[in-house]
>>> print(open('model_22.pdb').read())   # PDB, C-alpha atoms
ATOM      1  CA  MET U   1       0.000   0.000   0.000
ATOM      2  CA  ILE U   2       1.241   3.471  -0.851
ATOM      3  CA  SER U   3       1.104   6.286   1.662
ATOM      4  CA  PHE U   4       0.552   9.432  -0.390
ATOM      5  CA  SER U   5       1.562  11.684   2.485
ATOM      6  CA  VAL U   6       4.957   9.943   2.774
ATOM      7  CA  LEU U   7       5.317   9.948  -1.024
ATOM      8  CA  ALA U   8       4.585  13.702  -1.185
ATOM      9  CA  LEU U   9       6.945  14.489   1.695
ATOM     10  CA  VAL U  10       9.775  12.480   0.153
ATOM     11  CA  PHE U  11       9.138  13.993  -3.296
ATOM     12  CA  GLY U  12       9.341  17.538  -1.911
ATOM     13  CA  VAL U  13      12.464  16.954   0.155
ATOM     14  CA  VAL U  14      14.356  15.084  -2.574
ATOM     15  CA  PHE U  15      13.258  17.474  -5.353
ATOM     16  CA  LEU U  16      14.430  20.551  -3.449
ATOM     17  CA  SER U  17      17.698  18.850  -2.469
ATOM     18  CA  GLU U  18      18.518  17.660  -5.980
ATOM     19  CA  LEU U  19      17.499  20.771  -7.930
ATOM     20  CA  PRO U  20      20.730  22.727  -7.318
ATOM     21  CA  ASP U  21      22.872  19.565  -7.529
ATOM     22  CA  LYS U  22      25.549  18.722 -10.092
ATOM     23  CA  THR U  23      23.332  16.075 -11.677
ATOM     24  CA  ALA U  24      20.858  18.673 -12.924
ATOM     25  CA  LEU U  25      23.805  20.415 -14.561
ATOM     26  CA  ALA U  26      25.055  17.139 -16.047
ATOM     27  CA  GLY U  27      21.589  16.509 -17.493
ATOM     28  CA  LEU U  28      21.576  19.999 -18.970
ATOM     29  CA  VAL U  29      24.997  19.452 -20.580
ATOM     30  CA  LEU U  30      24.087  16.029 -21.970
ATOM     31  CA  GLY U  31      20.684  17.274 -23.107
ATOM     32  CA  ALA U  32      22.329  20.073 -25.071
ATOM     33  CA  ARG U  33      24.530  17.651 -27.005
ATOM     34  CA  TYR U  34      22.465  14.506 -27.423
ATOM     35  CA  ARG U  35      18.945  13.341 -28.085
ATOM     36  CA  ALA U  36      16.949  14.243 -24.972
ATOM     37  CA  SER U  37      14.947  11.020 -24.765
ATOM     38  CA  TYR U  38      18.122   8.914 -24.884
ATOM     39  CA  VAL U  39      19.802  11.006 -22.193
ATOM     40  CA  PHE U  40      16.727  10.867 -19.986
ATOM     41  CA  ALA U  41      16.463   7.074 -20.357
ATOM     42  CA  GLY U  42      20.018   6.587 -19.062
ATOM     43  CA  VAL U  43      19.741   9.146 -16.280
ATOM     44  CA  ALA U  44      16.331   7.816 -15.184
ATOM     45  CA  ALA U  45      17.661   4.249 -15.064
ATOM     46  CA  ALA U  46      20.621   5.319 -12.929
ATOM     47  CA  PHE U  47      18.330   7.167 -10.521
ATOM     48  CA  ALA U  48      16.082   4.098 -10.266
ATOM     49  CA  VAL U  49      19.130   1.995  -9.333
ATOM     50  CA  HIS U  50      20.192   4.568  -6.728
ATOM     51  CA  VAL U  51      16.765   4.728  -5.143
ATOM     52  CA  ALA U  52      16.477   0.934  -5.074
ATOM     53  CA  LEU U  53      19.873   0.701  -3.376
ATOM     54  CA  ALA U  54      18.998   3.437  -0.891
ATOM     55  CA  VAL U  55      15.673   1.935   0.036
ATOM     56  CA  ALA U  56      17.056  -1.608   0.244
ATOM     57  CA  ALA U  57      20.179  -0.756   2.177
ATOM     58  CA  GLY U  58      18.745   1.941   4.415
ATOM     59  CA  SER U  59      21.394   3.940   6.144
ATOM     60  CA  VAL U  60      24.173   1.396   5.464
ATOM     61  CA  LEU U  61      25.157   3.430   2.383
ATOM     62  CA  THR U  62      26.317   6.229   4.631
ATOM     63  CA  LEU U  63      29.203   3.993   5.741
ATOM     64  CA  LEU U  64      30.869   4.014   2.299
ATOM     65  CA  PRO U  65      34.078   6.016   2.126
ATOM     66  CA  GLY U  66      33.172   9.461   0.853
ATOM     67  CA  ARG U  67      36.701  10.118  -0.350
ATOM     68  CA  ILE U  68      36.573   7.262  -2.840
ATOM     69  CA  VAL U  69      33.213   8.404  -4.191
ATOM     70  CA  SER U  70      34.444  12.010  -4.503
ATOM     71  CA  ALA U  71      37.669  10.922  -6.208
ATOM     72  CA  LEU U  72      35.807   8.764  -8.733
ATOM     73  CA  THR U  73      33.347  11.565  -9.447
ATOM     74  CA  GLY U  74      36.210  14.021  -9.906
ATOM     75  CA  VAL U  75      38.015  11.763 -12.354
ATOM     76  CA  LEU U  76      34.793  11.202 -14.296
ATOM     77  CA  PHE U  77      34.125  14.943 -14.582
ATOM     78  CA  LEU U  78      37.752  15.661 -15.578
ATOM     79  CA  GLY U  79      37.525  12.954 -18.232
ATOM     80  CA  GLY U  80      34.316  14.478 -19.566
ATOM     81  CA  ALA U  81      35.927  17.927 -19.679
ATOM     82  CA  ALA U  82      38.932  16.528 -21.551
ATOM     83  CA  VAL U  83      36.713  14.806 -24.110
ATOM     84  CA  LEU U  84      34.771  18.017 -24.710
ATOM     85  CA  LEU U  85      37.879  20.203 -24.976
ATOM     86  CA  LEU U  86      39.836  17.827 -27.215
ATOM     87  CA  LYS U  87      36.955  16.944 -29.520
ATOM     88  CA  LYS U  88      37.084  18.518 -32.958
ATOM     89  CA  ASP U  89      34.364  21.031 -33.739
ATOM     90  CA  GLU U  90      31.293  19.366 -35.144
ATOM     91  CA  ASP U  91      28.693  20.663 -37.499
ATOM     92  CA  GLU U  92      25.687  21.597 -35.365
ATOM     93  CA  GLU U  93      23.301  19.895 -37.770
ATOM     94  CA  GLN U  94      25.294  16.656 -37.481
ATOM     95  CA  VAL U  95      25.029  16.731 -33.687
ATOM     96  CA  ARG U  96      21.306  17.388 -33.787
ATOM     97  CA  ARG U  97      20.521  14.481 -36.112
ATOM     98  CA  PRO U  98      19.267  11.586 -33.943
ATOM     99  CA  GLU U  99      20.638   8.869 -36.249
ATOM    100  CA  ASN U 100      24.180   9.945 -35.367
ATOM    101  CA  GLN U 101      23.582   9.263 -31.677
ATOM    102  CA  GLY U 102      23.041   5.631 -30.802
ATOM    103  CA  PHE U 103      20.633   4.921 -27.967
ATOM    104  CA  TRP U 104      23.023   2.681 -26.026
ATOM    105  CA  LYS U 105      25.937   5.085 -26.368
ATOM    106  CA  VAL U 106      24.013   8.156 -25.235
ATOM    107  CA  SER U 107      21.893   6.524 -22.539
ATOM    108  CA  GLY U 108      24.954   4.611 -21.328
ATOM    109  CA  ALA U 109      26.874   7.860 -20.922
ATOM    110  CA  GLY U 110      24.019   9.396 -18.924
ATOM    111  CA  PHE U 111      23.627   6.241 -16.839
ATOM    112  CA  THR U 112      27.334   5.984 -16.022
ATOM    113  CA  LEU U 113      27.730   9.657 -15.176
ATOM    114  CA  VAL U 114      24.776   9.682 -12.789
ATOM    115  CA  LEU U 115      25.538   6.263 -11.318
ATOM    116  CA  VAL U 116      29.033   7.326 -10.273
ATOM    117  CA  ALA U 117      28.332  10.981  -9.474
ATOM    118  CA  GLU U 118      25.303  10.272  -7.303
ATOM    119  CA  PHE U 119      26.645   7.288  -5.376
ATOM    120  CA  GLY U 120      26.596   8.227  -1.703
ATOM    121  CA  ASP U 121      25.115  11.630  -2.580
ATOM    122  CA  LEU U 122      23.005  13.572  -0.103
ATOM    123  CA  THR U 123      19.733  12.589  -1.780
ATOM    124  CA  GLN U 124      20.657   8.892  -1.741
ATOM    125  CA  ILE U 125      21.564   9.046   1.937
ATOM    126  CA  MET U 126      18.425  11.081   2.625
ATOM    127  CA  THR U 127      16.307   8.485   0.802
ATOM    128  CA  ALA U 128      17.898   5.705   2.848
ATOM    129  CA  ASN U 129      17.194   7.588   6.069
ATOM    130  CA  LEU U 130      13.596   8.323   5.065
ATOM    131  CA  ALA U 131      13.060   4.652   4.193
ATOM    132  CA  ALA U 132      14.393   3.632   7.593
ATOM    133  CA  ARG U 133      12.326   6.257   9.414
ATOM    134  CA  TYR U 134       8.933   5.743   7.790
ATOM    135  CA  ASP U 135       9.127   1.987   7.132
ATOM    136  CA  GLU U 136       7.224   2.670   3.889
ATOM    137  CA  PRO U 137       9.744   1.476   1.278
ATOM    138  CA  LEU U 138       7.384   1.680  -1.696
ATOM    139  CA  SER U 139       6.155   5.185  -0.842
ATOM    140  CA  VAL U 140       9.662   6.465  -0.111
ATOM    141  CA  GLY U 141      11.121   4.838  -3.217
ATOM    142  CA  LEU U 142       8.380   6.133  -5.493
ATOM    143  CA  GLY U 143       8.542   9.665  -4.064
ATOM    144  CA  ALA U 144      12.333   9.783  -4.394
ATOM    145  CA  VAL U 145      12.499   8.389  -7.925
ATOM    146  CA  LEU U 146       9.724  10.694  -9.172
ATOM    147  CA  ALA U 147      11.528  13.703  -7.689
ATOM    148  CA  LEU U 148      14.840  12.702  -9.260
ATOM    149  CA  TRP U 149      13.232  12.021 -12.626
ATOM    150  CA  THR U 150      11.531  15.421 -12.522
ATOM    151  CA  VAL U 151      14.825  17.207 -11.873
ATOM    152  CA  ALA U 152      16.542  15.168 -14.597
ATOM    153  CA  GLY U 153      13.762  15.970 -17.057
ATOM    154  CA  LEU U 154      14.022  19.677 -16.302
ATOM    155  CA  GLY U 155      17.790  19.556 -16.819
ATOM    156  CA  VAL U 156      17.629  17.608 -20.076
ATOM    157  CA  MET U 157      14.887  19.794 -21.543
ATOM    158  CA  GLY U 158      16.789  22.898 -20.472
ATOM    159  CA  GLY U 159      19.755  21.617 -22.465
ATOM    160  CA  ARG U 160      17.616  21.175 -25.584
ATOM    161  CA  ALA U 161      16.216  24.698 -25.269
ATOM    162  CA  LEU U 162      19.708  26.113 -24.742
ATOM    163  CA  MET U 163      21.013  24.490 -27.923
ATOM    164  CA  ARG U 164      18.328  26.214 -29.994
ATOM    165  CA  ARG U 165      19.579  29.657 -28.917
ATOM    166  CA  VAL U 166      23.318  29.317 -28.291
ATOM    167  CA  PRO U 167      26.010  28.008 -30.693
ATOM    168  CA  LEU U 168      27.144  24.447 -29.951
ATOM    169  CA  ARG U 169      30.809  25.489 -29.816
ATOM    170  CA  LEU U 170      30.081  27.906 -26.946
ATOM    171  CA  ILE U 171      27.942  25.325 -25.108
ATOM    172  CA  THR U 172      30.758  22.784 -25.457
ATOM    173  CA  LYS U 173      33.429  25.161 -24.096
ATOM    174  CA  VAL U 174      31.287  26.295 -21.163
ATOM    175  CA  ALA U 175      30.295  22.701 -20.375
ATOM    176  CA  ALA U 176      33.940  21.637 -20.423
ATOM    177  CA  MET U 177      34.904  24.445 -18.038
ATOM    178  CA  VAL U 178      32.044  23.606 -15.677
ATOM    179  CA  MET U 179      32.955  19.907 -15.734
ATOM    180  CA  LEU U 180      36.595  20.826 -15.127
ATOM    181  CA  GLY U 181      35.545  22.889 -12.111
ATOM    182  CA  LEU U 182      33.330  20.097 -10.769
ATOM    183  CA  GLY U 183      36.147  17.604 -11.269
ATOM    184  CA  ILE U 184      38.650  19.743  -9.393
ATOM    185  CA  TRP U 185      36.132  20.394  -6.620
ATOM    186  CA  SER U 186      35.345  16.676  -6.268
ATOM    187  CA  LEU U 187      39.032  15.796  -6.123
ATOM    188  CA  TYR U 188      39.559  18.527  -3.537
ATOM    189  CA  GLU U 189      36.753  17.004  -1.442
ATOM    190  CA  ALA U 190      38.442  13.602  -1.710
TER
END
>>> encode(input="model_22.pdb", output="C-alpha cells")
Amino acid sequence: MISFSVLALVFGVVFLSELPDKTALAGLVLGARYRASYVFAGVAAAFAVHVALAVAAGSVLTLLPGRIVSALTGVLFLGGAAVLLLKKDEDEEQVRRPENQGFWKVSGAGFTLVLVAEFGDLTQIMTANLAARYDEPLSVGLGAVLALWTVAGLGVMGGRALMRRVPLRLITKVAAMVMLGLGIWSLYEA
C-alpha cells in the first residue's frame, strides 16, 4: 500500500535537495549535445538503481568512504571535460541528427555519469534515512524516484532549449569548463 503523504513528503524533500545539484547540470549538458529522450532514459535508469539501493540498504550506504566516491566523481568529470575540450568542432546539424547518436551510447553515458556521481550523494543518503524512518519502502522509493526524474527531465529539456539559442561550440566550451571545475572540486573534497 502506498502512503501518499509519505510519497509527497519524500518527493518535496528530494526534489528541493537535488534541484541545485551537479546532476541537474550534467543533465543539462548532456541534453544540449544529445537526443533528450536517450539522455533521460540513461539518467532515469541510474536514478532508479540509486533509489532501489537506498531503500534496500537503508542507512548502510552512509558507511561508504566518501573520499573514494568524490575521487571517482572528480576523475569522471575531468575525463568528460577533456573529451569536450579535445573533440574537434562538429557541425551543429550533425550533432542534432538523432541517427548519429546511438541509444546505447548516449543513454549509457548518462547512466554511467549519474551512477558514479550520485553514489553516496546527499539525496541517496536522505532516501535511505527516510526509508528507515517511515518503514514505507514503496512510498519512499516512489517519491524519491519521481523527484529525481523530474529534476533530470528539467535539466535535459533545459539543455535542448539552450542548444536552440546558443552556438554548440560555446555550449561545449562552457560545459567543459564547468565539468573541469566540478572535477577539481570533487578531487579537492576527496
>>> resolve_selection(input="model_22.pdb", expression="the PyMOL selection byres ((chain U and resi 46-52) around 9)", output="VMD selection string")
chain U and resid 41 to 45 53 to 57 110 to 115 118 to 120 124 127 to 128 140 to 142 144 to 145 148 to 149
>>> atom_distance(input="model_22.pdb", atom1="CA of Gly27 in chain U", atom2="CA of Val156 in chain U")
4.9 Å
>>> atom_distance(input="model_22.pdb", atom1="CA of Thr23 in chain U", atom2="CA of Tyr38 in chain U")
15.9 Å
>>> atom_distance(input="model_22.pdb", atom1="CA of Ser3 in chain U", atom2="CA of Ala152 in chain U")
24.1 Å
>>> resolve_selection(input="model_22.pdb", expression="the PyMOL selection byres ((chain U and resi 106) around 10)", output="MDAnalysis selection string")
chainID U and resid 30:31 33:43 101:105 107:111
>>> resolve_selection(input="model_22.pdb", expression="the PyMOL selection byres ((chain U and resi 5-7) around 7)", output="PyMOL selection string")
chain U and resi 3-4+8-11+139-140+142-143
>>> closest_residue(input="model_22.pdb", among="U:Glu136, U:Arg169, U:Met126, U:Val178", to="Leu16 in chain U", atoms="all atoms listed in the file")
U:Met126
>>> residues_around(input="model_22.pdb", residues="Ala147 in chain U", least_positions_apart="5", cutoff="8 Å", atoms="all atoms listed in the file", output="PDB file with C-alpha atoms, keeping the file's coordinate frame")
ATOM      1  CA  PHE U  11       9.138  13.993  -3.296  1.00  0.00           C
ATOM      2  CA  GLY U  12       9.341  17.538  -1.911  1.00  0.00           C
ATOM      3  CA  VAL U  14      14.356  15.084  -2.574  1.00  0.00           C
ATOM      4  CA  PHE U  15      13.258  17.474  -5.353  1.00  0.00           C
TER       5      PHE U  15
END
>>> closest_residue(input="model_22.pdb", among="U:Leu25, U:Leu138, U:Met157, U:Met177", to="Ala82 in chain U", atoms="only C-alpha atoms")
U:Met177
